[in-house]
$ cat start.pdb   # PDB, C-alpha atoms
MODEL        1
ATOM      1  CA  MET P  50     -12.259 -31.549   1.923  1.00  0.00           C
ATOM      2  CA  SER P  51     -12.566 -31.075  -1.828  1.00  0.00           C
ATOM      3  CA  GLU P  52      -9.532 -30.927  -4.050  1.00  0.00           C
ATOM      4  CA  ARG P  53      -8.673 -30.430  -7.682  1.00  0.00           C
ATOM      5  CA  SER P  54      -5.752 -29.780  -9.975  1.00  0.00           C
ATOM      6  CA  VAL P  55      -5.867 -26.937 -12.488  1.00  0.00           C
ATOM      7  CA  ARG P  56      -3.440 -25.730 -15.156  1.00  0.00           C
ATOM      8  CA  ILE P  57      -2.794 -21.989 -15.123  1.00  0.00           C
ATOM      9  CA  GLU P  58      -3.719 -20.502 -18.477  1.00  0.00           C
ATOM     10  CA  SER P  59      -3.028 -16.846 -17.693  1.00  0.00           C
ATOM     11  CA  LYS P  60      -0.043 -15.794 -19.814  1.00  0.00           C
ATOM     12  CA  VAL P  61       1.445 -13.919 -16.869  1.00  0.00           C
ATOM     13  CA  GLY P  62       0.852 -16.755 -14.407  1.00  0.00           C
ATOM     14  CA  LEU P  63      -0.769 -16.124 -11.053  1.00  0.00           C
ATOM     15  CA  HIS P  64       0.539 -12.551 -11.014  1.00  0.00           C
ATOM     16  CA  ALA P  65      -1.081  -9.312  -9.825  1.00  0.00           C
ATOM     17  CA  ARG P  66      -4.365  -9.269 -11.745  1.00  0.00           C
ATOM     18  CA  PRO P  67      -5.181 -12.996 -11.820  1.00  0.00           C
ATOM     19  CA  ALA P  68      -3.866 -13.393  -8.273  1.00  0.00           C
ATOM     20  CA  ALA P  69      -6.100 -10.600  -6.972  1.00  0.00           C
ATOM     21  CA  LEU P  70      -9.186 -12.118  -8.628  1.00  0.00           C
ATOM     22  CA  PHE P  71      -8.281 -15.568  -7.325  1.00  0.00           C
ATOM     23  CA  VAL P  72      -7.736 -14.380  -3.740  1.00  0.00           C
ATOM     24  CA  GLN P  73     -10.905 -12.264  -3.769  1.00  0.00           C
ATOM     25  CA  THR P  74     -12.943 -15.268  -4.824  1.00  0.00           C
ATOM     26  CA  ALA P  75     -11.304 -17.573  -2.270  1.00  0.00           C
ATOM     27  CA  ALA P  76     -11.788 -14.991   0.490  1.00  0.00           C
ATOM     28  CA  LYS P  77     -15.581 -15.157   0.087  1.00  0.00           C
ATOM     29  CA  ALA P  78     -15.614 -18.777   1.252  1.00  0.00           C
ATOM     30  CA  PRO P  79     -16.298 -19.408   4.942  1.00  0.00           C
ATOM     31  CA  GLY P  80     -13.873 -22.348   5.217  1.00  0.00           C
ATOM     32  CA  ASP P  81     -10.185 -22.880   4.601  1.00  0.00           C
ATOM     33  CA  VAL P  82      -8.960 -22.647   1.010  1.00  0.00           C
ATOM     34  CA  THR P  83      -5.441 -23.613  -0.012  1.00  0.00           C
ATOM     35  CA  VAL P  84      -3.413 -23.621  -3.196  1.00  0.00           C
ATOM     36  CA  ALA P  85      -0.161 -25.466  -3.870  1.00  0.00           C
ATOM     37  CA  LYS P  86       2.257 -25.915  -6.719  1.00  0.00           C
ATOM     38  CA  ARG P  87       3.107 -29.508  -7.627  1.00  0.00           C
ATOM     39  CA  GLY P  88       5.367 -30.795  -4.853  1.00  0.00           C
ATOM     40  CA  GLY P  89       5.035 -27.522  -2.990  1.00  0.00           C
ATOM     41  CA  ARG P  90       3.639 -26.607   0.394  1.00  0.00           C
ATOM     42  CA  PRO P  91      -0.058 -25.580   0.346  1.00  0.00           C
ATOM     43  CA  VAL P  92      -0.528 -21.891   1.135  1.00  0.00           C
ATOM     44  CA  ASN P  93      -3.543 -19.896   2.241  1.00  0.00           C
ATOM     45  CA  ALA P  94      -5.462 -19.019  -0.943  1.00  0.00           C
ATOM     46  CA  LYS P  95      -7.061 -16.070   0.863  1.00  0.00           C
ATOM     47  CA  SER P  96      -3.670 -14.380   1.280  1.00  0.00           C
ATOM     48  CA  ILE P  97      -2.479 -12.260  -1.647  1.00  0.00           C
ATOM     49  CA  LEU P  98       0.994 -12.249  -0.102  1.00  0.00           C
ATOM     50  CA  ALA P  99       1.094 -16.059   0.011  1.00  0.00           C
ATOM     51  CA  VAL P 100      -0.264 -16.415  -3.530  1.00  0.00           C
ATOM     52  CA  LEU P 101       2.149 -13.852  -5.033  1.00  0.00           C
ATOM     53  CA  ALA P 102       5.077 -15.424  -3.171  1.00  0.00           C
ATOM     54  CA  MET P 103       4.103 -18.871  -4.481  1.00  0.00           C
ATOM     55  CA  ASP P 104       4.668 -17.493  -7.984  1.00  0.00           C
ATOM     56  CA  ALA P 105       2.776 -20.045 -10.089  1.00  0.00           C
ATOM     57  CA  ARG P 106       3.627 -19.552 -13.769  1.00  0.00           C
ATOM     58  CA  HIS P 107       1.745 -19.986 -17.016  1.00  0.00           C
ATOM     59  CA  GLY P 108       1.303 -23.663 -17.799  1.00  0.00           C
ATOM     60  CA  GLU P 109       2.031 -24.836 -14.270  1.00  0.00           C
ATOM     61  CA  GLU P 110      -0.434 -27.051 -12.470  1.00  0.00           C
ATOM     62  CA  VAL P 111      -1.680 -26.108  -9.027  1.00  0.00           C
ATOM     63  CA  THR P 112      -3.820 -28.044  -6.585  1.00  0.00           C
ATOM     64  CA  ILE P 113      -6.593 -26.146  -4.846  1.00  0.00           C
ATOM     65  CA  THR P 114      -8.506 -27.417  -1.834  1.00  0.00           C
ATOM     66  CA  ALA P 115     -11.559 -26.121  -0.015  1.00  0.00           C
ATOM     67  CA  ASP P 116     -13.574 -27.074   3.067  1.00  0.00           C
ATOM     68  CA  GLY P 117     -17.273 -26.823   3.743  1.00  0.00           C
ATOM     69  CA  LYS P 118     -20.540 -27.589   2.023  1.00  0.00           C
ATOM     70  CA  ASP P 119     -20.117 -25.208  -0.913  1.00  0.00           C
ATOM     71  CA  ALA P 120     -16.529 -26.302  -1.535  1.00  0.00           C
ATOM     72  CA  GLU P 121     -17.233 -27.839  -4.957  1.00  0.00           C
ATOM     73  CA  GLN P 122     -18.952 -24.671  -6.127  1.00  0.00           C
ATOM     74  CA  LEU P 123     -16.031 -22.567  -4.921  1.00  0.00           C
ATOM     75  CA  LEU P 124     -13.545 -24.842  -6.669  1.00  0.00           C
ATOM     76  CA  ASP P 125     -15.604 -24.465  -9.869  1.00  0.00           C
ATOM     77  CA  SER P 126     -15.220 -20.674  -9.641  1.00  0.00           C
ATOM     78  CA  LEU P 127     -11.504 -20.851  -8.858  1.00  0.00           C
ATOM     79  CA  GLU P 128     -10.897 -23.369 -11.632  1.00  0.00           C
ATOM     80  CA  GLU P 129     -12.651 -21.121 -14.112  1.00  0.00           C
ATOM     81  CA  LEU P 130     -10.454 -18.170 -13.101  1.00  0.00           C
ATOM     82  CA  LEU P 131      -7.240 -20.157 -13.418  1.00  0.00           C
ATOM     83  CA  SER P 132      -8.107 -21.927 -16.645  1.00  0.00           C
ATOM     84  CA  THR P 133      -9.256 -18.821 -18.545  1.00  0.00           C
ATOM     85  CA  PRO P 134      -6.541 -16.904 -20.400  1.00  0.00           C
ATOM     86  CA  GLU P 135      -6.889 -13.140 -20.010  1.00  0.00           C
ATOM     87  CA  PRO P 136      -8.232 -11.362 -23.115  1.00  0.00           C
ATOM     88  CA  GLU P 137      -5.607  -9.973 -25.491  1.00  0.00           C
ATOM     89  CA  GLY P 138      -4.588  -6.440 -24.597  1.00  0.00           C
ATOM     90  CA  ALA P 139      -5.989  -6.715 -21.079  1.00  0.00           C
TER      91      ALA P 139
ATOM     92  CA  MET A 258       4.003  -0.535  12.972  1.00  0.00           C
ATOM     93  CA  THR A 259       5.587  -0.400   9.540  1.00  0.00           C
ATOM     94  CA  ARG A 260       6.621   2.816   7.808  1.00  0.00           C
ATOM     95  CA  VAL A 261       6.357   2.301   4.071  1.00  0.00           C
ATOM     96  CA  LEU A 262       8.665   4.429   1.936  1.00  0.00           C
ATOM     97  CA  SER A 263       8.325   5.564  -1.636  1.00  0.00           C
ATOM     98  CA  PRO A 264      10.375   3.300  -3.914  1.00  0.00           C
ATOM     99  CA  VAL A 265      10.726   6.075  -6.493  1.00  0.00           C
ATOM    100  CA  ALA A 266      10.810   9.855  -6.764  1.00  0.00           C
ATOM    101  CA  GLY A 267       7.840  11.501  -8.416  1.00  0.00           C
ATOM    102  CA  ARG A 268       4.292  12.731  -7.967  1.00  0.00           C
ATOM    103  CA  VAL A 269       1.911  10.812  -5.705  1.00  0.00           C
ATOM    104  CA  VAL A 270      -1.368  10.007  -7.502  1.00  0.00           C
ATOM    105  CA  GLY A 271      -3.026   7.533  -5.111  1.00  0.00           C
ATOM    106  CA  LEU A 272      -4.236   4.092  -6.156  1.00  0.00           C
ATOM    107  CA  ALA A 273      -7.186   5.742  -7.892  1.00  0.00           C
ATOM    108  CA  GLY A 274      -4.647   7.284 -10.270  1.00  0.00           C
ATOM    109  CA  VAL A 275      -3.426   3.890 -11.500  1.00  0.00           C
ATOM    110  CA  PRO A 276      -4.747   3.139 -15.018  1.00  0.00           C
ATOM    111  CA  ASP A 277      -5.572  -0.461 -14.087  1.00  0.00           C
ATOM    112  CA  PRO A 278      -8.816  -1.278 -12.251  1.00  0.00           C
ATOM    113  CA  VAL A 279      -7.250  -4.144 -10.312  1.00  0.00           C
ATOM    114  CA  PHE A 280      -4.945  -1.664  -8.569  1.00  0.00           C
ATOM    115  CA  ALA A 281      -7.257   1.355  -8.718  1.00  0.00           C
ATOM    116  CA  GLN A 282     -10.042  -0.559  -6.949  1.00  0.00           C
ATOM    117  CA  ALA A 283      -7.567  -1.813  -4.347  1.00  0.00           C
ATOM    118  CA  MET A 284      -8.258  -5.429  -5.301  1.00  0.00           C
ATOM    119  CA  VAL A 285      -4.602  -6.285  -4.764  1.00  0.00           C
ATOM    120  CA  GLY A 286      -4.688  -4.339  -1.505  1.00  0.00           C
ATOM    121  CA  PRO A 287      -4.726  -0.815  -0.101  1.00  0.00           C
ATOM    122  CA  GLY A 288      -1.842   1.574  -0.646  1.00  0.00           C
ATOM    123  CA  THR A 289      -0.943   4.393  -2.971  1.00  0.00           C
ATOM    124  CA  ALA A 290       0.881   5.065  -6.235  1.00  0.00           C
ATOM    125  CA  VAL A 291       3.590   7.349  -7.548  1.00  0.00           C
ATOM    126  CA  ASP A 292       3.984   8.694 -11.069  1.00  0.00           C
ATOM    127  CA  PRO A 293       7.766   8.508 -11.306  1.00  0.00           C
ATOM    128  CA  ARG A 294      10.147  11.150 -12.553  1.00  0.00           C
ATOM    129  CA  ARG A 295      11.001  10.424 -16.184  1.00  0.00           C
ATOM    130  CA  ALA A 296      14.656   9.733 -15.671  1.00  0.00           C
ATOM    131  CA  PRO A 297      16.770   6.608 -15.175  1.00  0.00           C
ATOM    132  CA  GLY A 298      16.468   5.605 -11.546  1.00  0.00           C
ATOM    133  CA  ARG A 299      16.739   2.849  -9.003  1.00  0.00           C
ATOM    134  CA  ALA A 300      13.599   1.614  -7.269  1.00  0.00           C
ATOM    135  CA  ILE A 301      14.359   0.979  -3.604  1.00  0.00           C
ATOM    136  CA  ALA A 302      13.041  -1.335  -0.900  1.00  0.00           C
ATOM    137  CA  PRO A 303       9.977   0.306   0.708  1.00  0.00           C
ATOM    138  CA  VAL A 304      10.603  -1.457   4.043  1.00  0.00           C
ATOM    139  CA  SER A 305      13.433  -3.370   5.705  1.00  0.00           C
ATOM    140  CA  GLY A 306      12.976  -7.095   5.349  1.00  0.00           C
ATOM    141  CA  ARG A 307      13.332 -10.027   3.003  1.00  0.00           C
ATOM    142  CA  ILE A 308      12.655  -9.937  -0.739  1.00  0.00           C
ATOM    143  CA  VAL A 309      10.243 -12.879  -0.955  1.00  0.00           C
ATOM    144  CA  LYS A 310       9.497 -12.332  -4.638  1.00  0.00           C
ATOM    145  CA  LEU A 311      11.531 -10.475  -7.230  1.00  0.00           C
ATOM    146  CA  HIS A 312      10.407 -10.007 -10.803  1.00  0.00           C
ATOM    147  CA  PRO A 313      12.081  -7.416 -13.023  1.00  0.00           C
ATOM    148  CA  HIS A 314       8.935  -5.279 -12.941  1.00  0.00           C
ATOM    149  CA  ALA A 315       7.628  -6.031  -9.436  1.00  0.00           C
ATOM    150  CA  TYR A 316       8.833  -7.138  -6.035  1.00  0.00           C
ATOM    151  CA  VAL A 317       7.540  -7.998  -2.582  1.00  0.00           C
ATOM    152  CA  VAL A 318       9.442  -7.218   0.617  1.00  0.00           C
ATOM    153  CA  VAL A 319       8.219  -8.709   3.915  1.00  0.00           C
ATOM    154  CA  ASP A 320       9.326  -7.029   7.136  1.00  0.00           C
ATOM    155  CA  ALA A 321       9.919  -8.497  10.596  1.00  0.00           C
ATOM    156  CA  GLU A 322       6.232  -8.011  11.493  1.00  0.00           C
ATOM    157  CA  GLY A 323       5.174 -10.105   8.510  1.00  0.00           C
ATOM    158  CA  HIS A 324       3.899  -7.091   6.581  1.00  0.00           C
ATOM    159  CA  GLY A 325       4.401  -7.680   2.858  1.00  0.00           C
ATOM    160  CA  VAL A 326       4.644  -4.681   0.542  1.00  0.00           C
ATOM    161  CA  LEU A 327       4.292  -5.051  -3.230  1.00  0.00           C
ATOM    162  CA  VAL A 328       6.056  -2.560  -5.485  1.00  0.00           C
ATOM    163  CA  HIS A 329       4.744  -2.796  -9.041  1.00  0.00           C
ATOM    164  CA  LEU A 330       6.780  -0.767 -11.556  1.00  0.00           C
ATOM    165  CA  GLY A 331       4.467   0.379 -14.315  1.00  0.00           C
ATOM    166  CA  ILE A 332       1.276  -1.127 -15.704  1.00  0.00           C
ATOM    167  CA  ASP A 333       1.275  -4.263 -17.877  1.00  0.00           C
ATOM    168  CA  THR A 334       5.060  -4.232 -17.584  1.00  0.00           C
ATOM    169  CA  VAL A 335       4.975  -7.986 -16.926  1.00  0.00           C
ATOM    170  CA  LYS A 336       4.662  -8.269 -20.719  1.00  0.00           C
ATOM    171  CA  LEU A 337       8.086  -6.651 -21.202  1.00  0.00           C
ATOM    172  CA  LYS A 338       9.577  -9.862 -19.771  1.00  0.00           C
ATOM    173  CA  GLY A 339      12.313  -7.942 -18.002  1.00  0.00           C
ATOM    174  CA  ALA A 340      13.437  -5.719 -20.905  1.00  0.00           C
ATOM    175  CA  GLY A 341      14.397  -2.301 -19.529  1.00  0.00           C
ATOM    176  CA  PHE A 342      14.761  -3.525 -15.942  1.00  0.00           C
ATOM    177  CA  GLU A 343      17.992  -4.370 -14.142  1.00  0.00           C
ATOM    178  CA  LEU A 344      17.930  -6.481 -10.986  1.00  0.00           C
ATOM    179  CA  LEU A 345      20.099  -4.922  -8.277  1.00  0.00           C
ATOM    180  CA  ALA A 346      19.241  -7.496  -5.591  1.00  0.00           C
ATOM    181  CA  ALA A 347      18.263 -11.154  -5.500  1.00  0.00           C
ATOM    182  CA  GLU A 348      15.161 -12.984  -4.332  1.00  0.00           C
ATOM    183  CA  GLY A 349      15.657 -14.054  -0.714  1.00  0.00           C
ATOM    184  CA  ASP A 350      17.995 -11.138   0.073  1.00  0.00           C
ATOM    185  CA  GLU A 351      17.611  -9.280   3.350  1.00  0.00           C
ATOM    186  CA  VAL A 352      17.447  -5.584   2.496  1.00  0.00           C
ATOM    187  CA  ALA A 353      17.237  -2.353   4.442  1.00  0.00           C
ATOM    188  CA  ALA A 354      14.555   0.183   3.558  1.00  0.00           C
ATOM    189  CA  GLY A 355      16.128   2.371   0.894  1.00  0.00           C
ATOM    190  CA  ASP A 356      18.386  -0.296  -0.623  1.00  0.00           C
ATOM    191  CA  PRO A 357      18.202  -0.371  -4.432  1.00  0.00           C
ATOM    192  CA  VAL A 358      16.269  -3.348  -5.830  1.00  0.00           C
ATOM    193  CA  VAL A 359      15.592  -2.668  -9.536  1.00  0.00           C
ATOM    194  CA  GLY A 360      17.123  -0.204 -11.990  1.00  0.00           C
ATOM    195  CA  TRP A 361      14.780   1.142 -14.677  1.00  0.00           C
ATOM    196  CA  ASN A 362      13.921   4.132 -16.809  1.00  0.00           C
ATOM    197  CA  PRO A 363      10.294   5.282 -16.545  1.00  0.00           C
ATOM    198  CA  ALA A 364      10.706   7.385 -19.715  1.00  0.00           C
ATOM    199  CA  GLU A 365      11.548   4.221 -21.650  1.00  0.00           C
ATOM    200  CA  ILE A 366       8.467   2.421 -20.283  1.00  0.00           C
ATOM    201  CA  GLU A 367       6.313   5.369 -21.326  1.00  0.00           C
ATOM    202  CA  SER A 368       7.812   5.622 -24.803  1.00  0.00           C
ATOM    203  CA  GLY A 369       6.969   1.918 -25.190  1.00  0.00           C
ATOM    204  CA  GLY A 370       3.301   2.823 -24.749  1.00  0.00           C
ATOM    205  CA  ARG A 371       2.886   1.776 -21.112  1.00  0.00           C
ATOM    206  CA  SER A 372       2.222   3.736 -17.952  1.00  0.00           C
ATOM    207  CA  PRO A 373       5.258   3.797 -15.641  1.00  0.00           C
ATOM    208  CA  ILE A 374       3.062   4.540 -12.602  1.00  0.00           C
ATOM    209  CA  CYS A 375       4.372   2.650  -9.621  1.00  0.00           C
ATOM    210  CA  ALA A 376       1.829   1.065  -7.255  1.00  0.00           C
ATOM    211  CA  VAL A 377       2.859   0.447  -3.640  1.00  0.00           C
ATOM    212  CA  VAL A 378       0.452  -2.010  -2.034  1.00  0.00           C
ATOM    213  CA  ALA A 379       0.057  -3.362   1.507  1.00  0.00           C
ATOM    214  CA  LEU A 380      -0.675  -7.076   0.957  1.00  0.00           C
ATOM    215  CA  ASP A 381      -3.356  -8.667   3.176  1.00  0.00           C
ATOM    216  CA  ALA A 382      -3.816  -5.389   5.071  1.00  0.00           C
ATOM    217  CA  GLY A 383      -7.175  -5.171   6.825  1.00  0.00           C
ATOM    218  CA  ASP A 384      -9.613  -2.275   6.626  1.00  0.00           C
ATOM    219  CA  GLY A 385      -8.224   0.752   8.391  1.00  0.00           C
ATOM    220  CA  ALA A 386      -4.756  -0.765   8.826  1.00  0.00           C
ATOM    221  CA  LEU A 387      -3.100   2.044   6.886  1.00  0.00           C
ATOM    222  CA  THR A 388      -2.796   5.575   8.211  1.00  0.00           C
ATOM    223  CA  ASP A 389      -1.411   8.834   6.882  1.00  0.00           C
ATOM    224  CA  VAL A 390      -1.651   7.566   3.302  1.00  0.00           C
ATOM    225  CA  LEU A 391      -0.254  10.125   0.866  1.00  0.00           C
ATOM    226  CA  GLU A 392      -2.572  10.678  -2.103  1.00  0.00           C
ATOM    227  CA  SER A 393      -0.910  13.691  -3.720  1.00  0.00           C
ATOM    228  CA  GLY A 394       2.202  15.840  -3.747  1.00  0.00           C
ATOM    229  CA  GLU A 395       5.805  15.352  -4.758  1.00  0.00           C
ATOM    230  CA  VAL A 396       7.975  12.745  -3.033  1.00  0.00           C
ATOM    231  CA  GLY A 397      11.591  11.714  -3.171  1.00  0.00           C
ATOM    232  CA  ALA A 398      12.630   8.061  -3.100  1.00  0.00           C
ATOM    233  CA  GLY A 399      12.660   7.077   0.572  1.00  0.00           C
ATOM    234  CA  ASP A 400       9.994   9.562   1.668  1.00  0.00           C
ATOM    235  CA  GLU A 401       7.208   8.005   3.749  1.00  0.00           C
ATOM    236  CA  LEU A 402       4.030   7.059   1.815  1.00  0.00           C
ATOM    237  CA  PHE A 403       1.956   5.527   4.635  1.00  0.00           C
ATOM    238  CA  THR A 404       2.174   3.722   7.939  1.00  0.00           C
ATOM    239  CA  TRP A 405       0.801   0.226   8.510  1.00  0.00           C
ATOM    240  CA  ASP A 406      -0.344  -0.696  12.036  1.00  0.00           C
TER     241      ASP A 406
ENDMDL
END
$ encode --input "start.pdb" --output "structure tokens"
Amino acid sequence: MSERSVRIESKVGLHARPAALFVQTAAKAPGDVTVAKRGGRPVNAKSILAVLAMDARHGEEVTITADGKDAEQLLDSLEELLSTPEPEGA
Amino acid sequence: MTRVLSPVAGRVVGLAGVPDPVFAQAMVGPGTAVDPRRAPGRAIAPVSGRIVKLHPHAYVVVDAEGHGVLVHLGIDTVKLKGAGFELLAAEGDEVAAGDPVVGWNPAEIESGGRSPICAVVALDAGDGALTDVLESGEVGAGDELFTWD
């Protein structure tokens, strides 16, 4: 299993738009993908319900994990999504 | 089966009528949207269940079947940081469909330069899980928008 910690740079946190992009990307992976807030229970990163309910805010650190042979590549994509602030006015 | 009710009164425009591609392209999930009447109102719970997440501008209610419904009041309203919204319930509350959750005034949102269109989204719903989805017409708060098998 691959794992990494990422700080959320989206000003609105992991809310509707960033959450949807995050879940869509995670859902493409064949294996299990989880996301957890520091000290929190890992939730299914392919579930928009679970990710919205987790409610990770701007500046918070989350830990994402992935299984399988392309796990590192997937984590690269997810990290990029989380660590990129949305453009102004978006 | 879950009957999902309109949280607001207004004109149904479908998700395609939401001026935000993330909702319009159903990336958050399938569902529909309502352009609310421009008058002070109270957005209600679309299903009976527990409020698992409550923001001033958006909330998620999960019913006994585990179906989670997102109500998103207006577009980009997260940036208002709660101004113009009044919480009428608390996160973790058990609510009945029709119970008031957030008080707001769509006319105020619009005069602030944002769309008050209200998206109602079935979270994690599979393809074909929704039936009888309203895409047009007038609805009152509490009228059925779609069913979720």
$ interface_residues --input "start.pdb" --of "chain P" --to "chain A" --cutoff "9 Å" --atoms "all atoms listed in the file" --output "count of residues only"
19
$ resolve_selection --input "start.pdb" --expression "the PyMOL selection byres ((chain P and resi 135) around 12)" --output "list in words"
Ile57, Glu58, Ser59, Lys60, Val61, Gly62, Leu63, His64, Arg66, Pro67, Leu70, His107, Glu129, Leu130, Leu131, Ser132, Thr133, Pro134, Pro136, Glu137, Gly138 and Ala139 of chain P
$ closest_residue --input "start.pdb" --among "A:Arg371, A:Arg307, A:Arg299, A:Arg294" --to "Pro264 (chain A)" --atoms "all atoms listed in the file"
A:Arg299
$ closest_residue --input "start.pdb" --among "A:Gly288, A:Gly267, A:Leu344, A:Pro293" --to "Thr404 (chain A)" --atoms "all atoms listed in the file"
A:Gly288
$ residues_around --input "start.pdb" --residues "Glu343 (chain A)" --least-positions-apart "3" --cutoff "8 Å" --atoms "all atoms listed in the file" --output "compact mmCIF listing (two decimals) with C-alpha atoms, keeping the file's coordinate frame"
# COMPACT_ATOMS: atom_id res chain seq x y z
CA PRO A 313 12.08 -7.42 -13.02
CA GLY A 339 12.31 -7.94 -18.00
CA VAL A 359 15.59 -2.67 -9.54
CA GLY A 360 17.12 -0.20 -11.99
CA TRP A 361 14.78 1.14 -14.68
$ resolve_selection --input "start.pdb" --expression "the PyMOL selection byres ((chain P and resi 79-81) around 12)" --output "PDB file with C-alpha atoms, in the frame of the given file"
ATOM      1  CA  MET P  50     -12.259 -31.549   1.923  1.00  0.00           C
ATOM      2  CA  SER P  51     -12.566 -31.075  -1.828  1.00  0.00           C
ATOM      3  CA  GLU P  52      -9.532 -30.927  -4.050  1.00  0.00           C
ATOM      4  CA  THR P  74     -12.943 -15.268  -4.824  1.00  0.00           C
ATOM      5  CA  ALA P  75     -11.304 -17.573  -2.270  1.00  0.00           C
ATOM      6  CA  ALA P  76     -11.788 -14.991   0.490  1.00  0.00           C
ATOM      7  CA  LYS P  77     -15.581 -15.157   0.087  1.00  0.00           C
ATOM      8  CA  ALA P  78     -15.614 -18.777   1.252  1.00  0.00           C
ATOM      9  CA  VAL P  82      -8.960 -22.647   1.010  1.00  0.00           C
ATOM     10  CA  THR P  83      -5.441 -23.613  -0.012  1.00  0.00           C
ATOM     11  CA  VAL P  84      -3.413 -23.621  -3.196  1.00  0.00           C
ATOM     12  CA  PRO P  91      -0.058 -25.580   0.346  1.00  0.00           C
ATOM     13  CA  VAL P  92      -0.528 -21.891   1.135  1.00  0.00           C
ATOM     14  CA  ASN P  93      -3.543 -19.896   2.241  1.00  0.00           C
ATOM     15  CA  ALA P  94      -5.462 -19.019  -0.943  1.00  0.00           C
ATOM     16  CA  LYS P  95      -7.061 -16.070   0.863  1.00  0.00           C
ATOM     17  CA  SER P  96      -3.670 -14.380   1.280  1.00  0.00           C
ATOM     18  CA  ILE P 113      -6.593 -26.146  -4.846  1.00  0.00           C
ATOM     19  CA  THR P 114      -8.506 -27.417  -1.834  1.00  0.00           C
ATOM     20  CA  ALA P 115     -11.559 -26.121  -0.015  1.00  0.00           C
ATOM     21  CA  ASP P 116     -13.574 -27.074   3.067  1.00  0.00           C
ATOM     22  CA  GLY P 117     -17.273 -26.823   3.743  1.00  0.00           C
ATOM     23  CA  LYS P 118     -20.540 -27.589   2.023  1.00  0.00           C
ATOM     24  CA  ASP P 119     -20.117 -25.208  -0.913  1.00  0.00           C
ATOM     25  CA  ALA P 120     -16.529 -26.302  -1.535  1.00  0.00           C
ATOM     26  CA  LEU P 123     -16.031 -22.567  -4.921  1.00  0.00           C
ATOM     27  CA  LEU P 124     -13.545 -24.842  -6.669  1.00  0.00           C
TER      28      LEU P 124
END
$ closest_residue --input "start.pdb" --among "P:Ser126, P:Ala99, P:Gly88, P:Val55" --to "Val111 (chain P)" --atoms "all atoms listed in the file"
P:Val55
$ atom_distance --input "start.pdb" --atom1 "CA of Asp320 (chain A)" --atom2 "CA of Arg87 (chain P)"
27.6 Å
$ axis_aligned_box --input "start.pdb" --around "region 104-116 of chain P" --padding-each-side "4 Å" --output "AutoDock Vina command-line options"
--center_x -4.5 --center_y -22.8 --center_z -7.4 --size_x 26.2 --size_y 18.6 --size_z 28.9
$ closest_residue --input "start.pdb" --among "A:Gly370, A:Pro357, A:Pro363, A:Gly385" --to "Arg295 (chain A)" --atoms "only C-alpha atoms"
A:Pro363
$ resolve_selection --input "start.pdb" --expression "the PyMOL selection byres ((chain A and resi 352) around 8)" --output "NGL selection string"
:A and (302 or 305-308 or 350-351 or 353-354 or 356)
$ atom_distance --input "start.pdb" --atom1 "CA of Val377 (chain A)" --atom2 "CA of Ala290 (chain A)"
5.7 Å
$ decode --input "start.pdb" --residues "region 391-402 of chain A" --atoms "N, CA and C atoms" --output "compact mmCIF listing (two decimals), in the first residue's frame"
# COMPACT_ATOMS: atom_id res chain seq x y z
N LEU A 391 -37.60 15.01 -12.08
CA LEU A 391 -38.19 16.23 -12.64
C LEU A 391 -37.09 17.07 -13.26
N GLU A 392 -37.36 17.59 -14.46
CA GLU A 392 -36.38 18.45 -15.15
C GLU A 392 -36.96 19.82 -15.46
N SER A 393 -38.27 19.98 -15.22
CA SER A 393 -38.91 21.26 -15.54
C SER A 393 -40.20 21.37 -14.73
N GLY A 394 -40.80 22.55 -14.78
CA GLY A 394 -42.07 22.77 -14.10
C GLY A 394 -41.90 23.45 -12.75
N GLU A 395 -42.99 23.91 -12.22
CA GLU A 395 -42.98 24.58 -10.92
C GLU A 395 -43.14 23.54 -9.81
N VAL A 396 -42.43 23.74 -8.70
CA VAL A 396 -42.62 22.87 -7.54
C VAL A 396 -42.77 23.72 -6.28
N GLY A 397 -43.43 23.15 -5.31
CA GLY A 397 -43.45 23.73 -3.97
C GLY A 397 -42.41 23.00 -3.14
N ALA A 398 -41.98 23.62 -2.03
CA ALA A 398 -41.08 22.92 -1.11
C ALA A 398 -41.81 21.67 -0.61
N GLY A 399 -41.14 20.53 -0.68
CA GLY A 399 -41.75 19.28 -0.23
C GLY A 399 -42.35 18.46 -1.35
N ASP A 400 -42.43 19.02 -2.56
CA ASP A 400 -42.89 18.23 -3.70
C ASP A 400 -41.77 17.26 -4.11
N GLU A 401 -42.16 16.10 -4.65
CA GLU A 401 -41.16 15.09 -5.00
C GLU A 401 -40.38 15.50 -6.25
N LEU A 402 -39.02 15.37 -6.18
CA LEU A 402 -38.16 15.70 -7.32
C LEU A 402 -37.72 14.44 -8.08
